[in-house]
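Engineer: To start, I am sharing the structure in question, which I have written as structure tokens.
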Amino acid sequence: ARPLVGWEVAEERISEALEAHLATWVLRERFFADESKKVRNFGLAWRQGGGHDLAAPFRPIPSELKGLWAAILPTLPSTIASMGEPNQVALKRYHLDGACHYAPHRSGDVLGYHCDCQFNDVRYVVGVSLLSDSSLVFRNNQKQVHKRIILQRATYSMVGEALTDWTHALFDIRHPGRLSVTYRLVCS
């Protein structure tokens with residue numbers, strides 16, 4: 001089987017205190033008070049029809065998410081650190097209601113197979129998995145599959161082939177639900 005080049009999980013995880021701070025912040029800001037919302041984007045706007053619009057900054061990246069980036073930066077591969085700061089951040093909930101309680105009935109919260117480079121030149125994707133463990137499943141054109149476990153509070157990164165030659169999906173949302181913070185550097 002072809003190896004999954006460009007995928008990495010940092011050995012060091014963020015602290016429980018930082019995770020608790022971020023979850024409390026999400027509740028306080030009421031990002032998901034509207035039950036229909038499952039993702040909040042910061043940085044670049046999403047164009048109708050797909051892709052991030054580099055000419056249309058959307059909402060500023062909050063200091064909490066900038067602080068998380070600063071905390072995880074030393075754990076990331078040097079290639080990512082050398083590319084610069086992200087210009088797009090997505091905060092997404094999976095099987096959580098507006099009060100961040102477990103809501104398994106929210107079946108639309110899964111993340112089907114997709115490629116972050118479908119509409120834009122994305123140089124990296126860096127994610128942090130909050131509240132529970134999860135798995136990303138990667139698949140390429142030859143139907144080869146790699147399943148990667150992401151532990152609670154772990155940071156993962158994708159560059160190069162992991163972004164361009166593989167699609168990925170997240171299906172197994174576990175109790176007590178999941179929050180994810182996903183950083184991207186979008187170049188065109």
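Residue numbering restarts at 1 in every chain; chains get A, B, ... in the order shown in the structure tokens, and ligands count up from 1 in that same order.
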Can you tell me which residues surround Met83 (chain A) at a distance of at most 9 Å, considering only C-alpha atoms, apart from same-chain residues fewer than 4 positions away, and format the answer as an MDAnalysis selection string?

Structural biologist: chainID A and resid 78:79 123:124 185

Engineer: Using N, CA, C and O atoms, can you write the selected residues to a file as an mmCIF file, in the first residue's frame?

Structural biologist:
```cif
data_model
loop_
_atom_site.group_PDB
_atom_site.id
_atom_site.type_symbol
_atom_site.label_atom_id
_atom_site.label_comp_id
_atom_site.auth_asym_id
_atom_site.auth_seq_id
_atom_site.Cartn_x
_atom_site.Cartn_y
_atom_site.Cartn_z
ATOM 1 N N SER A 78 8.576 21.509 11.137
ATOM 2 C CA SER A 78 9.231 22.782 10.789
ATOM 3 C C SER A 78 8.767 23.304 9.434
ATOM 4 O O SER A 78 8.747 24.521 9.217
ATOM 5 N N THR A 79 8.396 22.418 8.514
ATOM 6 C CA THR A 79 7.920 22.887 7.208
ATOM 7 C C THR A 79 6.669 23.748 7.355
ATOM 8 O O THR A 79 6.513 24.733 6.639
ATOM 9 N N ARG A 123 -1.876 25.278 1.559
ATOM 10 C CA ARG A 123 -0.508 24.811 1.823
ATOM 11 C C ARG A 123 -0.433 23.844 2.991
ATOM 12 O O ARG A 123 0.391 22.957 3.010
ATOM 13 N N TYR A 124 -1.264 24.073 4.006
ATOM 14 C CA TYR A 124 -1.313 23.143 5.132
ATOM 15 C C TYR A 124 -2.681 23.175 5.787
ATOM 16 O O TYR A 124 -3.432 24.144 5.647
ATOM 17 N N LEU A 185 -3.637 27.481 5.729
ATOM 18 C CA LEU A 185 -2.970 28.565 5.017
ATOM 19 C C LEU A 185 -3.427 28.436 3.568
ATOM 20 O O LEU A 185 -3.056 27.484 2.868
#
```

Engineer: For His175 (chain A), list every protein, DNA or RNA residue within 10 Å, evaluated using only C-alpha atoms, and leave out those in the same chain fewer than 3 positions away; present the list as a PDB file with N, CA, C and O atoms, in the first residue's frame.

Structural biologist:
```
ATOM      1  N   HIS A  95     -21.849  16.307  16.845  1.00  0.00           N
ATOM      2  CA  HIS A  95     -22.739  15.667  17.824  1.00  0.00           C
ATOM      3  C   HIS A  95     -22.797  16.441  19.138  1.00  0.00           C
ATOM      4  O   HIS A  95     -22.845  15.853  20.218  1.00  0.00           O
ATOM      5  N   LEU A  96     -22.811  17.751  19.023  1.00  0.00           N
ATOM      6  CA  LEU A  96     -22.974  18.625  20.178  1.00  0.00           C
ATOM      7  C   LEU A  96     -24.120  19.579  19.896  1.00  0.00           C
ATOM      8  O   LEU A  96     -24.252  20.080  18.774  1.00  0.00           O
ATOM      9  N   HIS A 101     -23.612  20.032  24.737  1.00  0.00           N
ATOM     10  CA  HIS A 101     -23.969  18.744  25.315  1.00  0.00           C
ATOM     11  C   HIS A 101     -24.021  17.707  24.199  1.00  0.00           C
ATOM     12  O   HIS A 101     -24.369  18.027  23.062  1.00  0.00           O
ATOM     13  N   TYR A 102     -23.727  16.468  24.556  1.00  0.00           N
ATOM     14  CA  TYR A 102     -23.721  15.384  23.570  1.00  0.00           C
ATOM     15  C   TYR A 102     -25.094  15.265  22.909  1.00  0.00           C
ATOM     16  O   TYR A 102     -26.122  15.229  23.593  1.00  0.00           O
ATOM     17  N   ALA A 103     -25.118  15.243  21.579  1.00  0.00           N
ATOM     18  CA  ALA A 103     -26.370  15.182  20.820  1.00  0.00           C
ATOM     19  C   ALA A 103     -26.201  14.215  19.650  1.00  0.00           C
ATOM     20  O   ALA A 103     -25.998  14.631  18.510  1.00  0.00           O
ATOM     21  N   PRO A 104     -26.275  12.900  19.919  1.00  0.00           N
ATOM     22  CA  PRO A 104     -26.037  11.924  18.859  1.00  0.00           C
ATOM     23  C   PRO A 104     -27.044  12.007  17.712  1.00  0.00           C
ATOM     24  O   PRO A 104     -26.769  11.537  16.615  1.00  0.00           O
ATOM     25  N   LEU A 131     -12.447  17.380  23.147  1.00  0.00           N
ATOM     26  CA  LEU A 131     -13.515  16.692  23.873  1.00  0.00           C
ATOM     27  C   LEU A 131     -13.513  15.172  23.730  1.00  0.00           C
ATOM     28  O   LEU A 131     -14.000  14.481  24.607  1.00  0.00           O
ATOM     29  N   SER A 132     -13.019  14.615  22.624  1.00  0.00           N
ATOM     30  CA  SER A 132     -13.000  13.158  22.488  1.00  0.00           C
ATOM     31  C   SER A 132     -11.982  12.721  21.436  1.00  0.00           C
ATOM     32  O   SER A 132     -11.511  13.535  20.648  1.00  0.00           O
ATOM     33  N   ASP A 133     -11.666  11.426  21.460  1.00  0.00           N
ATOM     34  CA  ASP A 133     -10.842  10.832  20.405  1.00  0.00           C
ATOM     35  C   ASP A 133     -11.683  10.751  19.135  1.00  0.00           C
ATOM     36  O   ASP A 133     -12.910  10.756  19.184  1.00  0.00           O
ATOM     37  N   ASP A 172     -16.555   8.496  12.913  1.00  0.00           N
ATOM     38  CA  ASP A 172     -16.819   7.897  14.234  1.00  0.00           C
ATOM     39  C   ASP A 172     -16.779   8.934  15.356  1.00  0.00           C
ATOM     40  O   ASP A 172     -15.842   9.021  16.110  1.00  0.00           O
ATOM     41  N   ARG A 178     -17.572  16.152  19.815  1.00  0.00           N
ATOM     42  CA  ARG A 178     -16.253  16.660  19.421  1.00  0.00           C
ATOM     43  C   ARG A 178     -16.363  18.110  18.976  1.00  0.00           C
ATOM     44  O   ARG A 178     -17.310  18.497  18.296  1.00  0.00           O
TER      45      ARG A 178
END
```

Engineer: I want to know what sits within 9 Å of Val159 (chain A), based on only C-alpha atoms, with residues of the same chain fewer than 5 positions away left out; could you give that as a VMD selection string?

Structural biologist: chain A and resid 5 to 8 79 to 80 122 to 126 164

Engineer: Considering only C-alpha atoms, state which residue in the set A:Ser36, A:Arg47, A:Leu130, A:Ala90 is at the smallest distance from Ile61 (chain A).

Structural biologist: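 Selected residue with least distance to Ile61 (chain A): A:Ala90.
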
Engineer: I need the alpha helix (DSSP H) residues of chain A per DSSP on the backbone, written as an MDAnalysis selection string.

Structural biologist: chainID A and resid 16:29 63:72 78:83 161:164

Engineer: Store the residues picked out above in a file with C-alpha atoms, as an mmCIF file, in the first residue's frame.

Structural biologist:
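Here's the written file again-v4.cif:
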```cif
data_model
loop_
_atom_site.group_PDB
_atom_site.id
_atom_site.type_symbol
_atom_site.label_atom_id
_atom_site.label_comp_id
_atom_site.auth_asym_id
_atom_site.auth_seq_id
_atom_site.Cartn_x
_atom_site.Cartn_y
_atom_site.Cartn_z
ATOM 1 C CA GLU A 16 -6.674 19.752 29.783
ATOM 2 C CA ALA A 17 -6.801 23.320 31.120
ATOM 3 C CA LEU A 18 -6.449 24.802 27.621
ATOM 4 C CA GLU A 19 -9.095 22.414 26.274
ATOM 5 C CA ALA A 20 -11.490 23.427 29.092
ATOM 6 C CA HIS A 21 -10.769 27.116 28.444
ATOM 7 C CA LEU A 22 -11.573 26.729 24.733
ATOM 8 C CA ALA A 23 -14.811 24.793 25.385
ATOM 9 C CA THR A 24 -15.925 27.428 27.917
ATOM 10 C CA TRP A 25 -15.085 30.188 25.429
ATOM 11 C CA VAL A 26 -17.174 28.481 22.707
ATOM 12 C CA LEU A 27 -20.137 28.334 25.116
ATOM 13 C CA ARG A 28 -19.682 31.923 26.300
ATOM 14 C CA GLU A 29 -19.529 33.264 22.737
ATOM 15 C CA SER A 63 -7.383 35.886 20.223
ATOM 16 C CA GLU A 64 -8.312 32.499 21.757
ATOM 17 C CA LEU A 65 -7.631 30.764 18.436
ATOM 18 C CA LYS A 66 -4.446 32.766 17.908
ATOM 19 C CA GLY A 67 -3.369 31.704 21.408
ATOM 20 C CA LEU A 68 -4.045 28.053 20.601
ATOM 21 C CA TRP A 69 -1.954 28.415 17.426
ATOM 22 C CA ALA A 70 0.917 29.860 19.470
ATOM 23 C CA ALA A 71 0.639 26.935 21.919
ATOM 24 C CA ILE A 72 0.737 24.230 19.228
ATOM 25 C CA SER A 78 9.231 22.782 10.789
ATOM 26 C CA THR A 79 7.920 22.887 7.208
ATOM 27 C CA ILE A 80 4.580 24.184 8.490
ATOM 28 C CA ALA A 81 6.132 26.651 10.913
ATOM 29 C CA SER A 82 8.250 28.092 8.074
ATOM 30 C CA MET A 83 5.189 28.720 5.857
ATOM 31 C CA GLU A 161 0.507 14.506 -0.755
ATOM 32 C CA ALA A 162 -1.751 14.100 2.289
ATOM 33 C CA LEU A 163 -3.634 17.172 1.048
ATOM 34 C CA THR A 164 -3.392 16.789 -2.722
#
```

Engineer: Leaving out Asp165 (chain A) and any residue of its chain fewer than 5 positions from it, which residues lie within 9 Å of it when counting only C-alpha atoms, given as a PDB file with N, CA and C atoms, in the first residue's frame?

Structural biologist:
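The resulting file, part-v1.pdb, is shown below:
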```
ATOM      1  N   CYS A 115     -11.489  16.955  -0.059  1.00  0.00           N
ATOM      2  CA  CYS A 115     -10.105  17.415  -0.219  1.00  0.00           C
ATOM      3  C   CYS A 115     -10.090  18.908   0.062  1.00  0.00           C
ATOM      4  N   ARG A 139      -8.402   8.218   1.825  1.00  0.00           N
ATOM      5  CA  ARG A 139      -8.608   7.352   0.664  1.00  0.00           C
ATOM      6  C   ARG A 139      -8.020   8.047  -0.564  1.00  0.00           C
ATOM      7  N   ASN A 140      -7.314   7.265  -1.407  1.00  0.00           N
ATOM      8  CA  ASN A 140      -6.766   7.848  -2.635  1.00  0.00           C
ATOM      9  C   ASN A 140      -7.507   7.298  -3.850  1.00  0.00           C
ATOM     10  N   ASN A 141      -7.075   7.712  -5.048  1.00  0.00           N
ATOM     11  CA  ASN A 141      -7.743   7.296  -6.295  1.00  0.00           C
ATOM     12  C   ASN A 141      -7.677   5.796  -6.532  1.00  0.00           C
ATOM     13  N   GLY A 160       1.407  18.668   1.547  1.00  0.00           N
ATOM     14  CA  GLY A 160       1.812  17.902   0.366  1.00  0.00           C
ATOM     15  C   GLY A 160       0.821  16.839  -0.049  1.00  0.00           C
TER      16      GLY A 160
END
```

Engineer: Hey, which of A:Arg59, A:Arg184, A:His146, A:Arg153 ends up closest to Asp121 (chain A)? Count only C-alpha atoms.

Structural biologist: A:Arg184

Engineer: Out of A:Ala45, A:Ala33, A:Val181, A:Ile14, which residue has the shortest atom-to-atom distance to Asp97 (chain A) when counting only C-alpha atoms?

Structural biologist: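 Checking each candidate against Asp97 (chain A), we get A:Ala33 as the closest.
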
Engineer: Gln142 (chain A): which residues within 12 Å, counting only C-alpha atoms, same-chain residues fewer than 3 positions away excluded, as a PyMOL selection string?

Structural biologist: chain A and resi 1-2+138-139+145+165-167

Engineer: Which is closest to Phe42 (chain A) among A:Leu76, A:Leu111, A:Leu4, A:Ala56, if we use only C-alpha atoms?

Structural biologist: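 Selected residue with least distance to Phe42 (chain A): A:Ala56.
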
Engineer: Can you measure CA of Thr155 (chain A) to CA of Val128 (chain A) for me? One decimal in Å is fine.

Structural biologist: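 CA of Thr155 (chain A) sits 4.5 Å away from CA of Val128 (chain A).
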
Engineer: For a test of reading the model, state the distance in Å between CA of Pro86 (chain A) and CA of Arg40 (chain A), rounded to one decimal.

Structural biologist: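 Here the two named atoms are 15.5 Å from each other.
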
Engineer: From the list A:Tyr183, A:Ser188, A:Lys147, A:Lys37, which residue is nearest Gly84 (chain A) when using only C-alpha atoms?

Structural biologist: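 The answer is A:Tyr183, which sits nearest to Gly84 (chain A).
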